[in-house]
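As structure tokens, the structure follows; a few thoughts come after it.
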Amino acid sequence: MIPQLTALITRALQKTAQGRGLDPAAFSRKFVVEIPANPERGHFSTNAAMIHARDFALAVPGLKGNPALLLARELVDALERPPDFFSAVEIAGPGFINFRLAKAAWQKLLQEIRARGDSYGKRPPTGQKILVEYVSSNPTGPLHVGHGRGAAWGDAFSRILEYLGHEVTREYYVNDAGNQIATLGKSILFRALHPDLSVPPPEGHYKGAYIKELADSFLQKRPRDFFAEPQAAAIMSEEAAQAILAEMRADLVAFGVEFDSWFSEKSLIASGELEKAVALLREKGLVYEKDGALFFESSALGDDKDRVLRKSDGSWTYFASDVAYHANKYARGFDRLIDVLGADHVGYLGRMRAVARALGRPDASLKIVLYQLVRLFRGGVPYKMSVRAGEFIPLKVVMDEVSPDAARFLYLTQSHDSTLDFDLELAKSQSAENPVYYVQYLCARAFQVRAKAQALFSLEGDIDFSLLSEPGELALIQKLSLFPEVVGASGDNFAPHFLTTWLMDAAKLFHRYYGETRLVLPDNPELTRARIALAMTVRAVVGTGLSLLGVSVPERMAKES
RNA sequence: GCGCCAGUAGCUCAAUCGGAUAGAGCAACAGCCUUCUAAGCUGAAGGUUGAAGGUUCAAGUCCUUCCUGGCGCGCCA
């Protein structure tokens with residue numbers, strides 16, 4: 001609906017310019033078509049006249065009066081009026097043009113949406129290849145609640161990008177090389193040799209219950225003298241990392257998050273790509289040696305300071321791997337790279353932009369999305385971990401109590417830019433307070449109403465959409481009309497929560513309609529058919545929205561106990 | 001000290017290139033269950049958008065300065 005109006009207004013602008021003897025492109029500034037906050041002003045409004053008022057006044061000297069209002073008048077006169085489309089076009093305030101659509105236009109739109117079914121708002125293939133990297137938690141400890149946010153966000157955003165026609169690959173980068181893996185082995189070995197938890201591990205070792213568990217499992221399956229062998233720590237590193245990775249995979253699958261590929265850091269080193277990437281930087285004159293270390297001159301490309309690639313002890317930094325990894329991503333033919341990271345990676349921004357620049361890629365080709373921290377609450381009280389268990393709250397704590405649907409929806413209710421308070425009691429509660437059930441209940445109600453109607457008479461046959469003219473019915477159709485823009489804006493603005501918000505609004509309208517209007521009328525099959533068609537269309541579009549967030553679409557809700 | 005993010009109703013948050021009277025949910029208040037599942041609906045109430053300037057027809061949104069909170073500033077990952 002909005003694209004249609006935008007086209008009509010654009011043509012009116014051109015026609016007005018021509019009528020004044022100006023270049024048809026004289027009025028080519030960006031204007032918006034939006035829904036006024038106050039519904040009495042109309043279904044849609046545009047600021048096109050105000051945006052071009054100054055151009056108009058300059059191009060047509062000697063105007064008498066307010067240029068915005070004068071231009072608005074000319075635009076309204078020039079506006080094409082398709083049959084049965086507008087019911088009113090008015091100029092208001094400082095120069096807004098307000099549009100009211102005829103009921104027939106809404107009814108026709110509903111038919112079109114219904115015909116699109118599950119693909120309403122879907123866009124044709126763009127040919128753009130996008131790599132979305134998310135979670136990428138190191139295999140040195142379990143996933144925590146922050147990773148849950150990254151997982152829900154990356155998964156939902158990937159689905160949205162796909163719906164918008166992009167070719168998306170979801171990837172998990174596994175840091176399976178280097179120091180931290182070695183530290184993992186040492187940490188487990190220490191705990192195996194000191195099973196008494198009152199003995200504190202040395203500085204820098206990993207803590208947490210999982211270390212103790214891993215140590216115990218090694219104690220069970222290995223003979224005593226294994227732990228005295230020089231390679232013991234290395235062997236335990238390897239095996240423990242595998243075990244942790246397998247567990248993370250299982251947690252993610254339980255959460256409904258799956259990846260197209262798991263990319264190993266070790267493979268970059270084994271294949272020689274790391275050295276090749278560094279050589280490439282060297283060719284471009286962007287590296288230098290200092291104090292026995294090799295530096296990348298990222299400060300020349302906008303970073304705060306230069307970054308070490310190879311330490312003076314000869315080992316590579318993780319950053320060197322990251323350079324090679326991103327070079328690898330580009331080499332695989334992706335037009336756009338999206339890295340979804342926790343806010344503690346802010347320092348990453350400048351250096352990775354420098355990497356993109358060094359590789360000759362535009363800044364826009366690499367987007368790093370930082371999501372703010374997650375704070376866990378239970379009934380409004382901050383969730384406390386025992387000190388011994390480590391400072392991070394494992395994702396399992398959430399998953400043990402909360403359904404994946406509820407967890408995902410809550411993770412996606414807010415902009416990634418704001419810290420998220422996640423309340424276990426709220427997430428668990430199967431009540432109206434919990435937004436995911438509120439939205440899912442819409443779907444269940446639509447199915448139940450249809451079943452009830454089907455028991456009375458057949459729903460087959462033509463539907464008379466002109467019977468739908470209650471305010472609540474038109475409001476629902478109007479809401480549906482926005483869905484394609486909402487999905488598009490979610491993708492363009494890295495904002496899956498636009499969709500979450502739209503879903504809650506749509507559910508609000510539906511439940512209100514359901515409360516005010518009887519959908520199933522035994523003595524009026526025609527009207528019942530039309531209302532069921534509307535309910536099921538709302539259900540279909542809301543179902544599409546839920547699916548884009550990775551949330552299931554139930555046909556019925558379990559009865560409250 | 002520098003960088004990124006945030007500051008909006010009692011609480012948690014929305015507000016899609018700057019639009020008209022800043023919206024929801026929760027909490028608190030008043031109502032609605034012989035009814036298509038009340039996991040619901042209706043009504044009323046709640047605001048100097050952290051502060052001060054600036055830009056313009058128009059600022060929660062853009063610019064400047066300041067205040068508060070979170071995160072980060074390693075030859076750690």
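Each chain in the structure tokens gets a letter, A, B, ..., in the order shown, and its residues are numbered from 1; ligands are numbered from 1 in order too.
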
Give as a JSON list (two decimals) with all heavy atoms, in the first residue's frame every residue of chain A that touches chain B within 6 Å, counting only C-alpha atoms (C1' of nucleotides).
[["chain", "number", "residue", "atom", "x", "y", "z"],
["A", 311, "LYS", "N", 53.52, -12.34, 17.71],
["A", 311, "LYS", "CA", 54.16, -11.91, 18.94],
["A", 311, "LYS", "C", 55.66, -12.15, 18.88],
["A", 311, "LYS", "O", 56.13, -12.92, 18.03],
["A", 311, "LYS", "CB", 53.56, -12.66, 20.14],
["A", 311, "LYS", "CG", 52.09, -12.35, 20.33],
["A", 311, "LYS", "CD", 51.49, -13.15, 21.48],
["A", 311, "LYS", "CE", 50.60, -14.24, 20.94],
["A", 311, "LYS", "NZ", 50.01, -15.07, 22.01],
["A", 343, "ALA", "N", 28.83, -7.03, 23.24],
["A", 343, "ALA", "CA", 29.31, -5.66, 23.38],
["A", 343, "ALA", "C", 30.74, -5.59, 23.91],
["A", 343, "ALA", "O", 31.41, -4.57, 23.77],
["A", 343, "ALA", "CB", 28.39, -4.87, 24.30],
["A", 344, "ASP", "N", 31.20, -6.70, 24.51],
["A", 344, "ASP", "CA", 32.58, -6.67, 25.01],
["A", 344, "ASP", "C", 33.60, -6.70, 23.87],
["A", 344, "ASP", "O", 34.79, -6.58, 24.10],
["A", 344, "ASP", "CB", 32.82, -7.84, 25.98],
["A", 344, "ASP", "CG", 32.37, -9.17, 25.42],
["A", 344, "ASP", "OD1", 31.54, -9.17, 24.49],
["A", 344, "ASP", "OD2", 32.85, -10.21, 25.90],
["A", 346, "VAL", "N", 33.69, -4.35, 21.54],
["A", 346, "VAL", "CA", 33.74, -3.02, 20.91],
["A", 346, "VAL", "C", 35.08, -2.71, 20.31],
["A", 346, "VAL", "O", 35.16, -2.07, 19.26],
["A", 346, "VAL", "CB", 33.46, -1.84, 21.88],
["A", 346, "VAL", "CG1", 32.16, -1.20, 21.60],
["A", 346, "VAL", "CG2", 33.66, -2.24, 23.29],
["A", 347, "GLY", "N", 36.14, -3.12, 20.99],
["A", 347, "GLY", "CA", 37.48, -2.81, 20.54],
["A", 347, "GLY", "C", 37.79, -3.38, 19.17],
["A", 347, "GLY", "O", 38.75, -3.00, 18.51],
["A", 431, "SER", "N", 1.17, -16.77, 30.68],
["A", 431, "SER", "CA", 0.08, -15.83, 30.90],
["A", 431, "SER", "C", 0.24, -14.67, 29.93],
["A", 431, "SER", "O", 1.17, -14.61, 29.15],
["A", 431, "SER", "CB", 0.10, -15.32, 32.33],
["A", 431, "SER", "OG", 1.18, -14.42, 32.49],
["A", 432, "ALA", "N", -0.71, -13.75, 30.05],
["A", 432, "ALA", "CA", -0.72, -12.61, 29.15],
["A", 432, "ALA", "C", 0.52, -11.74, 29.31],
["A", 432, "ALA", "O", 0.90, -11.03, 28.41],
["A", 432, "ALA", "CB", -1.96, -11.78, 29.40],
["A", 449, "VAL", "N", -11.57, -20.92, 16.00],
["A", 449, "VAL", "CA", -12.78, -20.30, 15.46],
["A", 449, "VAL", "C", -13.15, -20.95, 14.12],
["A", 449, "VAL", "O", -14.31, -21.24, 13.85],
["A", 449, "VAL", "CB", -12.57, -18.78, 15.29],
["A", 449, "VAL", "CG1", -13.71, -18.18, 14.51],
["A", 449, "VAL", "CG2", -12.45, -18.13, 16.65],
["A", 489, "ALA", "N", 12.18, -3.10, 6.76],
["A", 489, "ALA", "CA", 12.88, -2.20, 7.68],
["A", 489, "ALA", "C", 13.71, -2.99, 8.69],
["A", 489, "ALA", "O", 14.79, -2.57, 9.07],
["A", 489, "ALA", "CB", 11.88, -1.30, 8.40],
["A", 515, "GLY", "N", -12.67, -9.93, 20.96],
["A", 515, "GLY", "CA", -13.46, -9.64, 22.14],
["A", 515, "GLY", "C", -14.72, -8.85, 21.83],
["A", 515, "GLY", "O", -15.72, -8.95, 22.53]]

*Rank nothing, just name the residue among A:Asp505, A:Asp417, A:Asp176, A:Glu112 nearest to Ala475 (chain A), using only C-alpha atoms.*
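Ranking A:Asp505, A:Asp417, A:Asp176, A:Glu112 by distance to Ala475 (chain A), first place goes to A:Asp505.
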
*Expressed in Å to a single decimal, how great is the separation between CA of Asp492 (chain A) and CA of Ala356 (chain A)?*
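Taking CA of Asp492 (chain A) and CA of Ala356 (chain A), their separation equals 20.7 Å.
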